[in-house]
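Structure, as structure tokens:
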Amino acid sequence: MTWLWVAWARCDDAHVAERLLRDLAVRRYGSTAAGVETVRICPRCASSSHGRPVLRGLSGPERPGVSVARAPGVTMVALAASVSVGVDVESTDAFATREVRDVLLHPLERAETHGEVARAWVRKEAVLKACGVGLQVDPASVRLDDSSGAPEVVETPAALRRPDWVADVDLAIGLTAAIAGNGSRPSDITVYSAGPSGLLD
């Protein structure tokens with residue numbers, strides 16, 4: 001079974017994401033993961049100041065996929081069996097007045113309400129993070145389709161490896177979140193809620 005764990009906190013302090021990821025790693029791998037740290041590695045320039053986050057300090061062959069998202073007042077992280085995962089979270093109300101449709105939507109996509117725009121935004125950012133590029137790529141070049149129920153990635157730029165799946169994640173009223181990745185679609189997404197300090201219950 002493919003596993004995927006998400007944790008989130010109502011706090012956007014810089015240290016919260018690392019604390020959440022460490023707690024998830026300990027829950028998944030036991031006390032041997034207590035010393036893990038989150039580092040970033042840019043695939044283009046090898047800089048450690050930006051790029052895809054990875055966990056350093058896990059022993060054994062399995063390296064989980066890691067992703068981090070922040071919005072004002074909230075942090076969300078993911079730990080997944082896939083080595084390629086992307087996550088995003090936003091305040092739904094932030095899209096009530098933000099005019100992003102022109103830069104966000106593919107010509108064949110529609111989003112009328114601010115909730116629909118927020119959902120399109122987090123899905124696309126999750127997809128582009130799973131691709132390892134984030135918003136360096138025009139989100140309007142990605143096309144999603146949810147006419148059959150679950151969202152599907154139907155088009156990305158040719159240079160990108162298209163993620164195999166994308167899914168919405170329910171966190172709390174007023175927040176819109178999504179996750180994307182490669183490999184088998186997770187049969188279950190486990191969501192942990194943390195306190196403002198980022199400590200899991």
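Order determines the names: the first chain of the structure tokens is A, the second B, and so forth; residues in each chain are numbered 1 upward, and ligands are numbered 1 upward as they are shown.
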
Let's see if you can do this: from backbone DSSP, list all strand (DSSP E) residues in stretch 9-197 of chain A, as a compact mmCIF listing (two decimals) with N, CA, C and O atoms, in the first residue's frame.
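The resulting file, selection_2.txt, is reproduced below:
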```
# COMPACT_ATOMS: atom_id res chain seq x y z
N ALA A 9 -0.18 23.04 10.69
CA ALA A 9 -0.30 23.82 11.92
C ALA A 9 -0.72 25.24 11.56
O ALA A 9 -0.39 25.75 10.49
N GLU A 37 17.08 16.11 9.61
CA GLU A 37 16.93 17.55 9.36
C GLU A 37 16.48 17.75 7.93
O GLU A 37 16.75 16.93 7.05
N THR A 38 15.81 18.85 7.72
CA THR A 38 15.32 19.20 6.39
C THR A 38 16.35 20.10 5.72
O THR A 38 16.75 21.11 6.27
N VAL A 39 16.78 19.70 4.53
CA VAL A 39 17.70 20.53 3.74
C VAL A 39 17.08 20.75 2.37
O VAL A 39 16.17 20.01 1.95
N ARG A 40 17.56 21.77 1.70
CA ARG A 40 17.07 22.05 0.35
C ARG A 40 18.20 21.88 -0.64
O ARG A 40 19.35 22.24 -0.35
N ILE A 41 17.85 21.34 -1.79
CA ILE A 41 18.85 21.13 -2.84
C ILE A 41 18.24 21.57 -4.17
O ILE A 41 17.20 21.04 -4.59
N ARG A 52 14.08 21.89 -3.86
CA ARG A 52 13.23 20.87 -3.28
C ARG A 52 13.74 20.44 -1.91
O ARG A 52 14.93 20.15 -1.76
N PRO A 53 12.87 20.38 -0.89
CA PRO A 53 13.32 19.90 0.42
C PRO A 53 13.51 18.39 0.43
O PRO A 53 12.77 17.66 -0.24
N VAL A 54 14.52 17.94 1.17
CA VAL A 54 14.74 16.50 1.39
C VAL A 54 15.08 16.30 2.86
O VAL A 54 15.54 17.22 3.54
N LEU A 55 14.86 15.09 3.35
CA LEU A 55 15.23 14.76 4.72
C LEU A 55 16.62 14.13 4.72
O LEU A 55 16.88 13.18 3.99
N ARG A 56 17.50 14.66 5.54
CA ARG A 56 18.84 14.11 5.68
C ARG A 56 18.97 13.48 7.06
O ARG A 56 18.54 14.06 8.05
N GLY A 65 9.51 11.02 -0.08
CA GLY A 65 9.32 12.32 -0.69
C GLY A 65 8.88 13.31 0.36
O GLY A 65 8.19 12.96 1.32
N VAL A 66 9.29 14.56 0.20
CA VAL A 66 9.00 15.61 1.16
C VAL A 66 8.53 16.85 0.40
O VAL A 66 9.06 17.16 -0.66
N SER A 67 7.55 17.53 0.97
CA SER A 67 7.15 18.81 0.41
C SER A 67 6.67 19.71 1.54
O SER A 67 6.15 19.23 2.56
N VAL A 68 6.85 21.02 1.34
CA VAL A 68 6.50 22.03 2.34
C VAL A 68 5.72 23.14 1.67
O VAL A 68 6.06 23.56 0.56
N ALA A 69 4.69 23.63 2.35
CA ALA A 69 3.93 24.79 1.86
C ALA A 69 3.63 25.71 3.03
O ALA A 69 3.34 25.25 4.13
N ARG A 70 3.68 27.00 2.75
CA ARG A 70 3.31 28.00 3.75
C ARG A 70 2.38 29.02 3.12
O ARG A 70 2.55 29.38 1.95
N ALA A 71 1.44 29.47 3.91
CA ALA A 71 0.59 30.60 3.56
C ALA A 71 0.48 31.43 4.84
O ALA A 71 0.85 30.95 5.92
N VAL A 74 -0.34 29.63 8.29
CA VAL A 74 -0.49 28.18 8.21
C VAL A 74 0.73 27.56 7.54
O VAL A 74 1.34 28.16 6.64
N THR A 75 1.11 26.37 7.99
CA THR A 75 2.19 25.57 7.40
C THR A 75 1.66 24.16 7.17
O THR A 75 0.94 23.62 8.01
N MET A 76 2.02 23.58 6.05
CA MET A 76 1.61 22.22 5.71
C MET A 76 2.82 21.47 5.15
O MET A 76 3.58 22.04 4.36
N VAL A 77 2.99 20.23 5.57
CA VAL A 77 4.09 19.41 5.06
C VAL A 77 3.55 18.05 4.65
O VAL A 77 2.48 17.63 5.10
N ALA A 78 4.31 17.36 3.82
CA ALA A 78 3.94 16.01 3.40
C ALA A 78 5.16 15.12 3.43
O ALA A 78 6.28 15.55 3.12
N LEU A 79 4.93 13.87 3.82
CA LEU A 79 5.94 12.82 3.81
C LEU A 79 5.29 11.65 3.08
O LEU A 79 4.20 11.24 3.45
N ALA A 80 5.94 11.15 2.03
CA ALA A 80 5.28 10.17 1.17
C ALA A 80 6.23 9.08 0.74
O ALA A 80 7.45 9.27 0.67
N VAL A 85 6.87 14.38 -4.56
CA VAL A 85 5.58 14.79 -4.02
C VAL A 85 5.57 16.31 -3.92
O VAL A 85 6.61 16.95 -3.74
N GLY A 86 4.39 16.89 -4.08
CA GLY A 86 4.25 18.33 -3.96
C GLY A 86 2.97 18.65 -3.21
O GLY A 86 1.97 17.96 -3.35
N VAL A 87 3.01 19.70 -2.40
CA VAL A 87 1.85 20.07 -1.60
C VAL A 87 1.70 21.59 -1.62
O VAL A 87 2.69 22.32 -1.75
N ASP A 88 0.47 22.06 -1.50
CA ASP A 88 0.25 23.49 -1.38
C ASP A 88 -1.00 23.74 -0.55
O ASP A 88 -1.94 22.93 -0.55
N VAL A 89 -1.01 24.88 0.16
CA VAL A 89 -2.16 25.29 0.97
C VAL A 89 -2.31 26.80 0.84
O VAL A 89 -1.31 27.53 0.75
N GLU A 90 -3.54 27.26 0.81
CA GLU A 90 -3.83 28.69 0.75
C GLU A 90 -5.09 28.97 1.54
O GLU A 90 -5.95 28.09 1.72
N SER A 91 -5.22 30.21 1.99
CA SER A 91 -6.49 30.67 2.54
C SER A 91 -7.45 30.88 1.38
O SER A 91 -7.13 31.59 0.42
N ARG A 143 -2.72 21.78 -17.42
CA ARG A 143 -4.18 21.66 -17.52
C ARG A 143 -4.65 20.49 -16.66
O ARG A 143 -4.13 19.38 -16.76
N LEU A 144 -5.62 20.78 -15.81
CA LEU A 144 -6.24 19.77 -14.97
C LEU A 144 -7.69 19.59 -15.36
O LEU A 144 -8.32 20.50 -15.92
N ASP A 145 -8.22 18.42 -15.07
CA ASP A 145 -9.62 18.13 -15.39
C ASP A 145 -10.22 17.33 -14.24
O ASP A 145 -9.69 16.29 -13.86
N GLU A 152 -7.46 15.27 -12.38
CA GLU A 152 -6.43 14.57 -13.16
C GLU A 152 -5.55 15.57 -13.87
O GLU A 152 -6.03 16.62 -14.33
N VAL A 153 -4.27 15.26 -13.96
CA VAL A 153 -3.33 16.09 -14.72
C VAL A 153 -3.39 15.61 -16.17
O VAL A 153 -3.02 14.47 -16.46
N VAL A 154 -3.85 16.46 -17.06
CA VAL A 154 -4.00 16.04 -18.46
C VAL A 154 -2.98 16.69 -19.38
O VAL A 154 -2.79 16.23 -20.51
N GLU A 155 -2.32 17.74 -18.91
CA GLU A 155 -1.34 18.39 -19.77
C GLU A 155 -0.32 19.15 -18.94
O GLU A 155 -0.68 19.86 -18.00
N TRP A 165 -0.72 11.64 -10.24
CA TRP A 165 -1.98 11.89 -9.56
C TRP A 165 -1.94 13.23 -8.84
O TRP A 165 -0.87 13.77 -8.55
N VAL A 166 -3.12 13.76 -8.57
CA VAL A 166 -3.28 14.94 -7.74
C VAL A 166 -4.56 14.75 -6.92
O VAL A 166 -5.52 14.14 -7.41
N ALA A 167 -4.56 15.22 -5.69
CA ALA A 167 -5.70 15.01 -4.81
C ALA A 167 -5.91 16.23 -3.93
O ALA A 167 -4.95 16.90 -3.53
N ASP A 168 -7.16 16.53 -3.63
CA ASP A 168 -7.50 17.57 -2.68
C ASP A 168 -7.33 17.03 -1.26
O ASP A 168 -7.51 15.83 -1.02
N VAL A 169 -6.97 17.90 -0.33
CA VAL A 169 -6.79 17.53 1.06
C VAL A 169 -7.65 18.45 1.92
O VAL A 169 -7.53 19.67 1.83
N LEU A 175 -9.48 26.92 4.48
CA LEU A 175 -8.22 26.54 3.87
C LEU A 175 -8.48 25.62 2.68
O LEU A 175 -9.36 24.76 2.73
N THR A 176 -7.72 25.82 1.63
CA THR A 176 -7.79 24.96 0.45
C THR A 176 -6.41 24.36 0.24
O THR A 176 -5.41 25.09 0.24
N ALA A 177 -6.34 23.04 0.08
CA ALA A 177 -5.05 22.36 0.00
C ALA A 177 -5.11 21.22 -1.01
O ALA A 177 -6.18 20.65 -1.26
N ALA A 178 -3.96 20.90 -1.57
CA ALA A 178 -3.86 19.79 -2.53
C ALA A 178 -2.48 19.19 -2.45
O ALA A 178 -1.52 19.80 -1.95
N ILE A 179 -2.38 17.97 -2.96
CA ILE A 179 -1.12 17.24 -2.99
C ILE A 179 -1.04 16.47 -4.30
O ILE A 179 -2.05 16.06 -4.84
N ALA A 180 0.19 16.32 -4.82
CA ALA A 180 0.38 15.60 -6.08
C ALA A 180 1.65 14.78 -5.99
O ALA A 180 2.54 15.07 -5.17
N GLY A 181 1.76 13.75 -6.82
CA GLY A 181 2.96 12.93 -6.78
C GLY A 181 3.01 11.90 -7.89
O GLY A 181 2.10 11.81 -8.72
N ASP A 188 -4.79 5.98 0.96
CA ASP A 188 -5.23 6.71 2.14
C ASP A 188 -4.24 7.84 2.41
O ASP A 188 -3.03 7.62 2.39
N ILE A 189 -4.76 9.03 2.64
CA ILE A 189 -3.93 10.17 3.02
C ILE A 189 -4.22 10.45 4.49
O ILE A 189 -5.34 10.81 4.86
N THR A 190 -3.23 10.24 5.35
CA THR A 190 -3.38 10.47 6.78
C THR A 190 -3.01 11.91 7.09
O THR A 190 -1.92 12.36 6.74
N VAL A 191 -3.93 12.63 7.72
CA VAL A 191 -3.73 14.04 8.02
C VAL A 191 -3.61 14.22 9.54
O VAL A 191 -4.50 13.81 10.30
N TYR A 192 -2.48 14.83 9.96
CA TYR A 192 -2.26 15.15 11.36
C TYR A 192 -2.35 16.66 11.55
O TYR A 192 -1.78 17.43 10.78
N SER A 193 -3.05 17.07 12.60
CA SER A 193 -3.15 18.48 12.94
C SER A 193 -2.25 18.75 14.14
O SER A 193 -2.23 17.97 15.11
```

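The residue that comes closest to A:Ala172, out of A:Arg63, A:Thr92, A:Ala14, A:Leu108 and on the basis of only C-alpha atoms, is A:Thr92.
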
Query - Non-local contacts of A:Gly57 (8 Å; only C-alpha atoms; under 6 positions in same chain excluded) as a list in words - result: Ala33, Gly35, Val36 and Glu37 of chain A

Output file for the residues above (N, CA, C and O atoms, as a PDB file, in the first residue's frame):
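Full text of part_38.pdb as output:
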```
ATOM      1  N   ALA A  33      14.829   8.180  13.563  1.00  0.00           N
ATOM      2  CA  ALA A  33      14.613   9.365  12.725  1.00  0.00           C
ATOM      3  C   ALA A  33      14.618  10.652  13.539  1.00  0.00           C
ATOM      4  O   ALA A  33      14.404  11.731  12.986  1.00  0.00           O
ATOM      5  N   GLY A  35      16.911  12.441  14.660  1.00  0.00           N
ATOM      6  CA  GLY A  35      17.941  13.410  14.303  1.00  0.00           C
ATOM      7  C   GLY A  35      17.864  13.916  12.877  1.00  0.00           C
ATOM      8  O   GLY A  35      18.793  14.600  12.418  1.00  0.00           O
ATOM      9  N   VAL A  36      16.789  13.606  12.165  1.00  0.00           N
ATOM     10  CA  VAL A  36      16.720  14.045  10.767  1.00  0.00           C
ATOM     11  C   VAL A  36      16.608  15.563  10.702  1.00  0.00           C
ATOM     12  O   VAL A  36      16.112  16.217  11.629  1.00  0.00           O
ATOM     13  N   GLU A  37      17.084  16.115   9.607  1.00  0.00           N
ATOM     14  CA  GLU A  37      16.926  17.545   9.363  1.00  0.00           C
ATOM     15  C   GLU A  37      16.482  17.753   7.927  1.00  0.00           C
ATOM     16  O   GLU A  37      16.749  16.927   7.048  1.00  0.00           O
TER      17      GLU A  37
END
```

Requested in this report: Taking the DSSP assignment computed from this structure's backbone, write out as a PyMOL selection string all residues of stretch 10-101 of chain A that belong to helix (DSSP H, G or I).
Outcome: chain A and resi 14-29+31-33+92-95+101

For the selection just defined, write its residues with C-alpha atoms to a file, as an mmCIF file, in the first residue's frame.
```
data_model
loop_
_atom_site.group_PDB
_atom_site.id
_atom_site.type_symbol
_atom_site.label_atom_id
_atom_site.label_comp_id
_atom_site.auth_asym_id
_atom_site.auth_seq_id
_atom_site.Cartn_x
_atom_site.Cartn_y
_atom_site.Cartn_z
ATOM 1 C CA ALA A 14 10.154 29.134 9.611
ATOM 2 C CA HIS A 15 10.973 26.374 12.139
ATOM 3 C CA VAL A 16 7.499 24.802 12.117
ATOM 4 C CA ALA A 17 7.893 22.867 8.853
ATOM 5 C CA GLU A 18 11.066 21.145 10.017
ATOM 6 C CA ARG A 19 9.469 20.266 13.345
ATOM 7 C CA LEU A 20 6.424 18.784 11.621
ATOM 8 C CA LEU A 21 8.557 16.754 9.218
ATOM 9 C CA ARG A 22 10.731 15.427 12.046
ATOM 10 C CA ASP A 23 7.650 14.374 14.009
ATOM 11 C CA LEU A 24 6.203 12.615 10.970
ATOM 12 C CA ALA A 25 9.526 10.848 10.328
ATOM 13 C CA VAL A 26 9.688 9.607 13.921
ATOM 14 C CA ARG A 27 6.115 8.332 13.692
ATOM 15 C CA ARG A 28 6.938 6.524 10.466
ATOM 16 C CA TYR A 29 10.466 5.232 11.113
ATOM 17 C CA SER A 31 13.383 6.874 17.180
ATOM 18 C CA THR A 32 16.195 6.451 14.615
ATOM 19 C CA ALA A 33 14.613 9.365 12.725
ATOM 20 C CA THR A 92 -9.572 30.358 0.348
ATOM 21 C CA ASP A 93 -10.585 33.955 1.063
ATOM 22 C CA ALA A 94 -7.255 35.191 -0.305
ATOM 23 C CA PHE A 95 -8.661 34.510 -3.760
ATOM 24 C CA ARG A 101 -7.384 33.779 -13.464
#
```

Query - Nearby residues (only C-alpha atoms) at most 10 Å from A:Gly134, same-chain spacing under 3 positions excluded, as a PyMOL selection string - result: chain A and resi 51-52+86+124-131+137-139

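The list of residues with at least one atom within 6 Å of stretch 194-197 of chain A, based on only C-alpha atoms and without residues fewer than 6 positions apart in the same chain, reads A:Trp8, A:Ala9, A:Arg10, A:Cys11.
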
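Atom CA of A:Leu135 is found 23.5 Å from atom CA of A:Trp5.
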